[in-house]
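Have a look at the structure below, then the notes.
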Amino acid sequence: MKGRRIDWKKSGIYSIICTINGKQYIGQSVNIYRRINLHKCRLNQQNKKNENQYILEDWNKYGSDNFEWSILAETDNESKLNALEKFYIMMYRKMGAIYNLT
(Lines give C-alpha, C1' and ligand atoms only; values in the text may rest on other atoms or scores of the structure.)
Protein backbone atom coordinates (compact mmCIF):
# COMPACT_ATOMS: atom_id res chain seq x y z
CA MET A 1 0.00 0.00 0.00
CA LYS A 2 3.06 2.21 0.17
CA GLY A 3 3.93 4.51 -2.68
CA ARG A 4 0.46 5.09 -4.10
CA ARG A 5 -2.47 7.24 -3.21
CA ILE A 6 -4.98 5.27 -1.17
CA ASP A 7 -8.71 5.52 -1.75
CA TRP A 8 -9.67 5.11 1.90
CA LYS A 9 -13.31 4.43 1.11
CA LYS A 10 -12.73 1.62 -1.37
CA SER A 11 -15.01 -1.43 -1.19
CA GLY A 12 -13.71 -4.94 -1.66
CA ILE A 13 -12.29 -8.18 -0.33
CA TYR A 14 -9.26 -8.39 1.95
CA SER A 15 -7.13 -11.12 3.47
CA ILE A 16 -5.32 -11.53 6.79
CA ILE A 17 -2.58 -14.17 6.47
CA CYS A 18 -0.51 -15.79 9.21
CA THR A 19 2.90 -16.26 7.59
CA ILE A 20 3.87 -19.01 10.07
CA ASN A 21 1.04 -21.50 9.48
CA GLY A 22 -0.37 -20.18 6.19
CA LYS A 23 -3.91 -19.79 7.52
CA GLN A 24 -5.86 -16.81 6.34
CA TYR A 25 -9.06 -14.94 6.92
CA ILE A 26 -11.08 -13.57 4.02
CA GLY A 27 -13.31 -10.58 4.68
CA GLN A 28 -15.31 -7.91 2.92
CA SER A 29 -16.00 -4.27 3.60
CA VAL A 30 -17.41 -1.15 1.99
CA ASN A 31 -14.33 0.56 3.46
CA ILE A 32 -11.45 -1.94 3.32
CA TYR A 33 -8.79 0.16 5.04
CA ARG A 34 -11.06 1.13 7.92
CA ARG A 35 -12.00 -2.53 8.40
CA ILE A 36 -8.36 -3.68 8.39
CA ASN A 37 -7.48 -1.03 10.97
CA LEU A 38 -10.42 -2.17 13.10
CA HIS A 39 -9.13 -5.78 12.99
CA LYS A 40 -5.65 -4.63 14.05
CA CYS A 41 -7.07 -2.55 16.89
CA ARG A 42 -9.24 -5.40 18.19
CA LEU A 43 -6.42 -7.94 17.95
CA ASN A 44 -4.04 -5.64 19.81
CA GLN A 45 -6.67 -4.98 22.48
CA GLN A 46 -7.36 -8.73 22.81
CA ASN A 47 -11.03 -8.12 22.06
CA LYS A 48 -12.28 -11.70 22.23
CA LYS A 49 -15.91 -10.67 21.95
CA ASN A 50 -15.59 -9.02 18.54
CA GLU A 51 -12.78 -10.93 16.83
CA ASN A 52 -12.39 -14.41 15.38
CA GLN A 53 -11.02 -16.52 18.25
CA TYR A 54 -8.73 -18.56 15.99
CA ILE A 55 -7.02 -15.49 14.55
CA LEU A 56 -6.70 -14.07 18.06
CA GLU A 57 -5.07 -17.28 19.34
CA ASP A 58 -2.50 -17.25 16.52
CA TRP A 59 -1.97 -13.49 16.93
CA ASN A 60 -1.03 -14.14 20.56
CA LYS A 61 1.05 -17.21 19.73
CA TYR A 62 3.02 -15.88 16.73
CA GLY A 63 2.86 -12.09 17.19
CA SER A 64 1.66 -9.27 14.96
CA ASP A 65 4.85 -9.26 12.86
CA ASN A 66 3.86 -12.65 11.45
CA PHE A 67 0.63 -11.45 9.85
CA GLU A 68 0.22 -9.90 6.42
CA TRP A 69 -2.73 -7.85 5.23
CA SER A 70 -3.65 -7.70 1.57
CA ILE A 71 -6.41 -6.53 -0.74
CA LEU A 72 -7.70 -9.34 -2.96
CA ALA A 73 -10.27 -7.39 -4.96
CA GLU A 74 -11.68 -3.88 -5.13
CA THR A 75 -15.12 -3.04 -6.46
CA ASP A 76 -17.39 -0.07 -6.90
CA ASN A 77 -20.39 -2.39 -6.87
CA GLU A 78 -21.16 -3.07 -3.20
CA SER A 79 -23.95 -5.48 -4.11
CA LYS A 80 -21.31 -7.94 -5.38
CA LEU A 81 -19.36 -8.10 -2.10
CA ASN A 82 -21.13 -11.20 -0.72
CA ALA A 83 -20.60 -13.17 -3.93
CA LEU A 84 -16.96 -12.08 -4.19
CA GLU A 85 -16.28 -13.02 -0.57
CA LYS A 86 -17.84 -16.48 -1.02
CA PHE A 87 -15.77 -17.00 -4.18
CA TYR A 88 -12.49 -16.19 -2.42
CA ILE A 89 -13.37 -18.27 0.66
CA MET A 90 -14.13 -21.31 -1.51
CA MET A 91 -10.99 -20.78 -3.59
CA TYR A 92 -8.65 -20.44 -0.61
CA ARG A 93 -10.36 -23.22 1.34
CA LYS A 94 -9.38 -25.61 -1.46
CA MET A 95 -5.76 -24.42 -1.23
CA GLY A 96 -5.41 -24.76 2.52
CA ALA A 97 -6.66 -23.84 5.96
CA ILE A 98 -8.58 -20.65 6.54
CA TYR A 99 -9.90 -18.95 9.65
CA ASN A 100 -13.37 -18.28 8.25
CA LEU A 101 -15.99 -20.26 10.12
CA THR A 102 -18.58 -20.23 7.33
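By order in the C-alpha coordinates, chains are A, B, ...; within a chain, residues start at 1; ligands start at 1, following the order shown.
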
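With only C-alpha atoms taken into account, the protein and nucleic acid residues at most 8 Å from Ile89 (chain A) (excluding it and anything under 4 positions from it in its own chain) are Ile26, Glu85, Arg93, Ile98 and Asn100 of chain A.
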
Shell of 12 Å around Ser79 (chain A), only C-alpha atoms, local chain residues under 3 positions omitted, as a list in words: Ser11, Gly12, Gln28, Ser29, Val30, Thr75, Asp76, Asn82, Ala83, Leu84 and Glu85 of chain A

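Proximity to Ile55 (chain A) was assessed for A:Ser70, A:Gln24, A:Asn37, A:Asn31 counting only C-alpha atoms; the smallest distance is recorded for A:Gln24.
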
As a ChimeraX atom specification, list the residues of region 3-100 of chain A assigned to helix (DSSP H, G or I) by DSSP on the backbone atoms of this structure. /A:32-44,53-62,64-66,78-95

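Backbone DSSP over chain A yields strand (DSSP E or B) at Ser11, Gly12, Ile13, Tyr14, Ser15, Ile16, Ile17, Cys18, Gln24, Tyr25, Ile26, Gly27, Gln28, Ser29, Phe67, Glu68, Trp69, Ser70, Ile71, Leu72, Ala73, Glu74, Thr75 and Ile98 of chain A.
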
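One finds CA of Asn52 (chain A) at 12.7 Å from CA of Lys23 (chain A).
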
Using only C-alpha atoms, find the one residue out of A:Asn77, A:Asn60, A:Ser15, A:Asn66 that sits nearest to Lys48 (chain A). A:Asn60

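Here the question is which of A:Ser64, A:Asn21, A:Gln46, A:Gln53 gets nearest to Leu101 (chain A) using only C-alpha atoms, and that residue is A:Gln53.
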
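The smallest atom-to-atom distance between Asp58 (chain A) and any of A:Tyr88, A:Tyr33, A:Tyr14, A:Tyr25, using only C-alpha atoms, is found for A:Tyr25.
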
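Between CA of Met90 (chain A) and CA of Thr102 (chain A) lies a distance of 10.0 Å.
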